[in-house]
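**Student:** Have a look at this one.
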Amino acid sequence: MKINVNQLAEHFAHIPFQVEGIYRYATNPGVPHADYTDSFPGFVFPLTGKIQFQFNGTPYILSPGKVVHGGAKMKLDEKTFDNSNWEYILVLYRICSSELDESSFSHQHFELSTGQSPRLIELIMQLWHVYNQGGGISMFQTEMLFRDVLNEALISVANRQMSSESQALFERVSNYIHEYYYHSLTIASLAEQYNVNRNRLSYIFRKHAGMGPAEYLLKHRLNMAQNMLFTSDVPVQQIAQTVGIADPFYFSKVFKKQFGFSPTEYRRKFINNPC
């Protein structure tokens, strides 16, 4: 199921919980799997390979870059894949409250797409080793480290979701620019149309295009003008207006800056020497 990572973070920020057990599993054909999950909810952190779990009939493919959560006492089915040597670490935790609603995240199964995170793997392995040392200090460090692991996992998910959302927004706005570049577009109007502030829009374009939205719009207009100069005999001033640049002097200036020739020089050079 799809999870709102902010709501999940808020959930763990407000409930009292502690680590109940940490277990490391690897490919072993001779060991039968359980039919139900443990008496406690838990997170599965895949390390290598691929294996499928079904929690109450819902399948999840466990592989690096994902974290899967299962609730307590859920029907569990397991499916292995040929030639796949898998390994994962299971962290069970206890909710230290009797008032937790049955619909809360701790009673649900879900998947978190963290992506490849060396830092997360490092923390999980550290958690595994500290847990197995035993003693009071180990118990204390285990509790602290588990929270660090959850923090890293949630941040990784949030960053991936934000990146995915920004990519989708960039594609929508850039496609709009490609279609309506000849209109009187402004950064303010684009930001208002897509319900995003100008700073956010600028950040997204710099991230995905390597330039701000104003520069992106100008470059696209100049590219369209370049094509018109090469394929038609329309006057330069009219071409400038056609691509959305009203000032012909400004058009000539920015065209020369991008292509190394004024529009008139470009047409003369490349129409006469198309090769």
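Each chain in the structure tokens gets a letter, A, B, ..., in the order shown, and its residues are numbered from 1; ligands are numbered from 1 in order too.
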Name all residues at most 12 Å from Asn223 in chain A (count only C-alpha atoms; drop same-chain ones fewer than 2 positions away) and give them as a list in words.

**Tutor:** His178, Tyr181, Tyr216, Leu217, Leu218, Lys219, His220, Arg221, Ala225, Gln226, Asn227, Met228, Leu229, Phe230, Ile239, Ala240, Val243, Phe251, Val254, Phe255, Gln258, Phe259 and Pro263 of chain A

**Student:** DSSP on the backbone, strand (DSSP E or B) only: what residues of range 23-99 of chain A does that give? Format it as a PDB file with N, CA and C atoms, in the first residue's frame.

**Tutor:**
ATOM      1  N   TYR A  23      17.037  -9.845  13.551  1.00  0.00           N
ATOM      2  CA  TYR A  23      17.396 -11.151  13.006  1.00  0.00           C
ATOM      3  C   TYR A  23      17.908 -10.989  11.576  1.00  0.00           C
ATOM      4  N   ARG A  24      18.895 -11.794  11.266  1.00  0.00           N
ATOM      5  CA  ARG A  24      19.492 -11.750   9.934  1.00  0.00           C
ATOM      6  C   ARG A  24      19.236 -13.074   9.230  1.00  0.00           C
ATOM      7  N   TYR A  25      18.613 -13.012   8.055  1.00  0.00           N
ATOM      8  CA  TYR A  25      18.265 -14.210   7.314  1.00  0.00           C
ATOM      9  C   TYR A  25      18.949 -14.197   5.947  1.00  0.00           C
ATOM     10  N   ALA A  26      19.316 -15.390   5.484  1.00  0.00           N
ATOM     11  CA  ALA A  26      19.938 -15.528   4.167  1.00  0.00           C
ATOM     12  C   ALA A  26      19.433 -16.804   3.516  1.00  0.00           C
ATOM     13  N   TYR A  36       2.922 -17.323   9.544  1.00  0.00           N
ATOM     14  CA  TYR A  36       2.428 -16.050  10.064  1.00  0.00           C
ATOM     15  C   TYR A  36       3.615 -15.205  10.518  1.00  0.00           C
ATOM     16  N   GLY A  42       7.220  -5.373  12.409  1.00  0.00           N
ATOM     17  CA  GLY A  42       8.642  -5.289  12.104  1.00  0.00           C
ATOM     18  C   GLY A  42       8.930  -4.732  10.725  1.00  0.00           C
ATOM     19  N   PHE A  43      10.179  -4.298  10.563  1.00  0.00           N
ATOM     20  CA  PHE A  43      10.681  -3.794   9.284  1.00  0.00           C
ATOM     21  C   PHE A  43      11.662  -4.804   8.712  1.00  0.00           C
ATOM     22  N   VAL A  44      11.537  -5.052   7.409  1.00  0.00           N
ATOM     23  CA  VAL A  44      12.464  -5.928   6.702  1.00  0.00           C
ATOM     24  C   VAL A  44      13.368  -5.053   5.840  1.00  0.00           C
ATOM     25  N   PHE A  45      14.681  -5.193   6.042  1.00  0.00           N
ATOM     26  CA  PHE A  45      15.668  -4.416   5.293  1.00  0.00           C
ATOM     27  C   PHE A  45      16.451  -5.356   4.385  1.00  0.00           C
ATOM     28  N   PRO A  46      16.097  -5.444   3.095  1.00  0.00           N
ATOM     29  CA  PRO A  46      16.821  -6.335   2.182  1.00  0.00           C
ATOM     30  C   PRO A  46      18.262  -5.872   1.992  1.00  0.00           C
ATOM     31  N   LEU A  47      19.180  -6.824   1.964  1.00  0.00           N
ATOM     32  CA  LEU A  47      20.599  -6.521   1.761  1.00  0.00           C
ATOM     33  C   LEU A  47      21.061  -6.943   0.374  1.00  0.00           C
ATOM     34  N   THR A  48      20.667  -8.140  -0.059  1.00  0.00           N
ATOM     35  CA  THR A  48      21.049  -8.637  -1.383  1.00  0.00           C
ATOM     36  C   THR A  48      19.927  -9.506  -1.934  1.00  0.00           C
ATOM     37  N   ILE A  51      13.426 -11.723  -2.964  1.00  0.00           N
ATOM     38  CA  ILE A  51      12.495 -12.705  -2.425  1.00  0.00           C
ATOM     39  C   ILE A  51      11.129 -12.036  -2.293  1.00  0.00           C
ATOM     40  N   GLN A  52      10.068 -12.805  -2.430  1.00  0.00           N
ATOM     41  CA  GLN A  52       8.722 -12.237  -2.324  1.00  0.00           C
ATOM     42  C   GLN A  52       8.048 -12.692  -1.042  1.00  0.00           C
ATOM     43  N   PHE A  53       7.480 -11.732  -0.317  1.00  0.00           N
ATOM     44  CA  PHE A  53       6.635 -12.006   0.831  1.00  0.00           C
ATOM     45  C   PHE A  53       5.218 -11.561   0.499  1.00  0.00           C
ATOM     46  N   GLN A  54       4.240 -12.289   1.042  1.00  0.00           N
ATOM     47  CA  GLN A  54       2.849 -11.857   0.965  1.00  0.00           C
ATOM     48  C   GLN A  54       2.324 -11.698   2.378  1.00  0.00           C
ATOM     49  N   PHE A  55       1.913 -10.470   2.712  1.00  0.00           N
ATOM     50  CA  PHE A  55       1.299 -10.208   4.005  1.00  0.00           C
ATOM     51  C   PHE A  55      -0.205 -10.143   3.800  1.00  0.00           C
ATOM     52  N   THR A  58      -1.169  -9.781   0.162  1.00  0.00           N
ATOM     53  CA  THR A  58      -0.595  -8.689  -0.634  1.00  0.00           C
ATOM     54  C   THR A  58       0.891  -8.945  -0.844  1.00  0.00           C
ATOM     55  N   PRO A  59       1.341  -9.059  -2.109  1.00  0.00           N
ATOM     56  CA  PRO A  59       2.748  -9.404  -2.360  1.00  0.00           C
ATOM     57  C   PRO A  59       3.673  -8.191  -2.325  1.00  0.00           C
ATOM     58  N   TYR A  60       4.893  -8.431  -1.834  1.00  0.00           N
ATOM     59  CA  TYR A  60       5.956  -7.432  -1.845  1.00  0.00           C
ATOM     60  C   TYR A  60       7.244  -8.120  -2.292  1.00  0.00           C
ATOM     61  N   ILE A  61       7.920  -7.517  -3.249  1.00  0.00           N
ATOM     62  CA  ILE A  61       9.218  -8.025  -3.682  1.00  0.00           C
ATOM     63  C   ILE A  61      10.295  -7.359  -2.840  1.00  0.00           C
ATOM     64  N   LEU A  62      11.012  -8.155  -2.055  1.00  0.00           N
ATOM     65  CA  LEU A  62      12.080  -7.619  -1.220  1.00  0.00           C
ATOM     66  C   LEU A  62      13.380  -7.605  -2.016  1.00  0.00           C
ATOM     67  N   LYS A  66      14.551  -1.070  -1.098  1.00  0.00           N
ATOM     68  CA  LYS A  66      13.208  -1.075  -0.537  1.00  0.00           C
ATOM     69  C   LYS A  66      13.272  -1.485   0.925  1.00  0.00           C
ATOM     70  N   VAL A  67      12.285  -1.033   1.687  1.00  0.00           N
ATOM     71  CA  VAL A  67      12.083  -1.478   3.062  1.00  0.00           C
ATOM     72  C   VAL A  67      10.617  -1.868   3.168  1.00  0.00           C
ATOM     73  N   VAL A  68      10.351  -3.037   3.744  1.00  0.00           N
ATOM     74  CA  VAL A  68       8.970  -3.526   3.851  1.00  0.00           C
ATOM     75  C   VAL A  68       8.594  -3.664   5.316  1.00  0.00           C
ATOM     76  N   HIS A  69       7.388  -3.231   5.639  1.00  0.00           N
ATOM     77  CA  HIS A  69       6.873  -3.333   7.001  1.00  0.00           C
ATOM     78  C   HIS A  69       5.715  -4.322   7.031  1.00  0.00           C
ATOM     79  N   GLY A  70       5.714  -5.163   8.055  1.00  0.00           N
ATOM     80  CA  GLY A  70       4.616  -6.095   8.271  1.00  0.00           C
ATOM     81  C   GLY A  70       4.084  -5.961   9.677  1.00  0.00           C
ATOM     82  N   LYS A  75      -0.987 -13.251   8.091  1.00  0.00           N
ATOM     83  CA  LYS A  75      -0.765 -14.424   7.240  1.00  0.00           C
ATOM     84  C   LYS A  75       0.419 -14.142   6.324  1.00  0.00           C
ATOM     85  N   LEU A  76       1.380 -15.067   6.314  1.00  0.00           N
ATOM     86  CA  LEU A  76       2.625 -14.839   5.584  1.00  0.00           C
ATOM     87  C   LEU A  76       2.876 -15.970   4.590  1.00  0.00           C
ATOM     88  N   ASP A  77       3.111 -15.595   3.350  1.00  0.00           N
ATOM     89  CA  ASP A  77       3.531 -16.547   2.317  1.00  0.00           C
ATOM     90  C   ASP A  77       4.852 -16.059   1.736  1.00  0.00           C
ATOM     91  N   GLU A  78       5.691 -17.002   1.373  1.00  0.00           N
ATOM     92  CA  GLU A  78       7.024 -16.667   0.872  1.00  0.00           C
ATOM     93  C   GLU A  78       7.261 -17.326  -0.477  1.00  0.00           C
ATOM     94  N   LYS A  79       7.910 -16.582  -1.376  1.00  0.00           N
ATOM     95  CA  LYS A  79       8.264 -17.125  -2.682  1.00  0.00           C
ATOM     96  C   LYS A  79       9.700 -16.734  -2.996  1.00  0.00           C
ATOM     97  N   THR A  80      10.506 -17.733  -3.298  1.00  0.00           N
ATOM     98  CA  THR A  80      11.892 -17.464  -3.672  1.00  0.00           C
ATOM     99  C   THR A  80      12.022 -17.511  -5.191  1.00  0.00           C
ATOM    100  N   GLU A  87      19.346 -11.986   1.098  1.00  0.00           N
ATOM    101  CA  GLU A  87      19.698 -11.766   2.499  1.00  0.00           C
ATOM    102  C   GLU A  87      18.971 -10.515   2.978  1.00  0.00           C
ATOM    103  N   TYR A  88      18.448 -10.584   4.193  1.00  0.00           N
ATOM    104  CA  TYR A  88      17.780  -9.408   4.745  1.00  0.00           C
ATOM    105  C   TYR A  88      17.901  -9.413   6.265  1.00  0.00           C
ATOM    106  N   ILE A  89      17.667  -8.250   6.846  1.00  0.00           N
ATOM    107  CA  ILE A  89      17.646  -8.098   8.298  1.00  0.00           C
ATOM    108  C   ILE A  89      16.242  -7.678   8.714  1.00  0.00           C
ATOM    109  N   LEU A  90      15.704  -8.382   9.698  1.00  0.00           N
ATOM    110  CA  LEU A  90      14.371  -8.103  10.225  1.00  0.00           C
ATOM    111  C   LEU A  90      14.504  -7.455  11.602  1.00  0.00           C
ATOM    112  N   VAL A  91      13.862  -6.316  11.773  1.00  0.00           N
ATOM    113  CA  VAL A  91      13.847  -5.629  13.069  1.00  0.00           C
ATOM    114  C   VAL A  91      12.418  -5.632  13.597  1.00  0.00           C
ATOM    115  N   LEU A  92      12.192  -6.359  14.689  1.00  0.00           N
ATOM    116  CA  LEU A  92      10.889  -6.362  15.339  1.00  0.00           C
ATOM    117  C   LEU A  92      10.866  -5.304  16.436  1.00  0.00           C
ATOM    118  N   TYR A  93       9.725  -4.659  16.588  1.00  0.00           N
ATOM    119  CA  TYR A  93       9.623  -3.636  17.634  1.00  0.00           C
ATOM    120  C   TYR A  93       8.304  -3.791  18.382  1.00  0.00           C
ATOM    121  N   ARG A  94       8.331  -3.360  19.624  1.00  0.00           N
ATOM    122  CA  ARG A  94       7.161  -3.453  20.499  1.00  0.00           C
ATOM    123  C   ARG A  94       6.580  -2.058  20.719  1.00  0.00           C
ATOM    124  N   ILE A  95       5.262  -1.941  20.576  1.00  0.00           N
ATOM    125  CA  ILE A  95       4.573  -0.691  20.887  1.00  0.00           C
ATOM    126  C   ILE A  95       4.278  -0.674  22.384  1.00  0.00           C
TER     127      ILE A  95
END

**Student:** Would you give me, as a ChimeraX atom specification, the residues in range 40-163 of chain A that DSSP reads as alpha helix (DSSP H)?

**Tutor:** /A:118-131,136-163
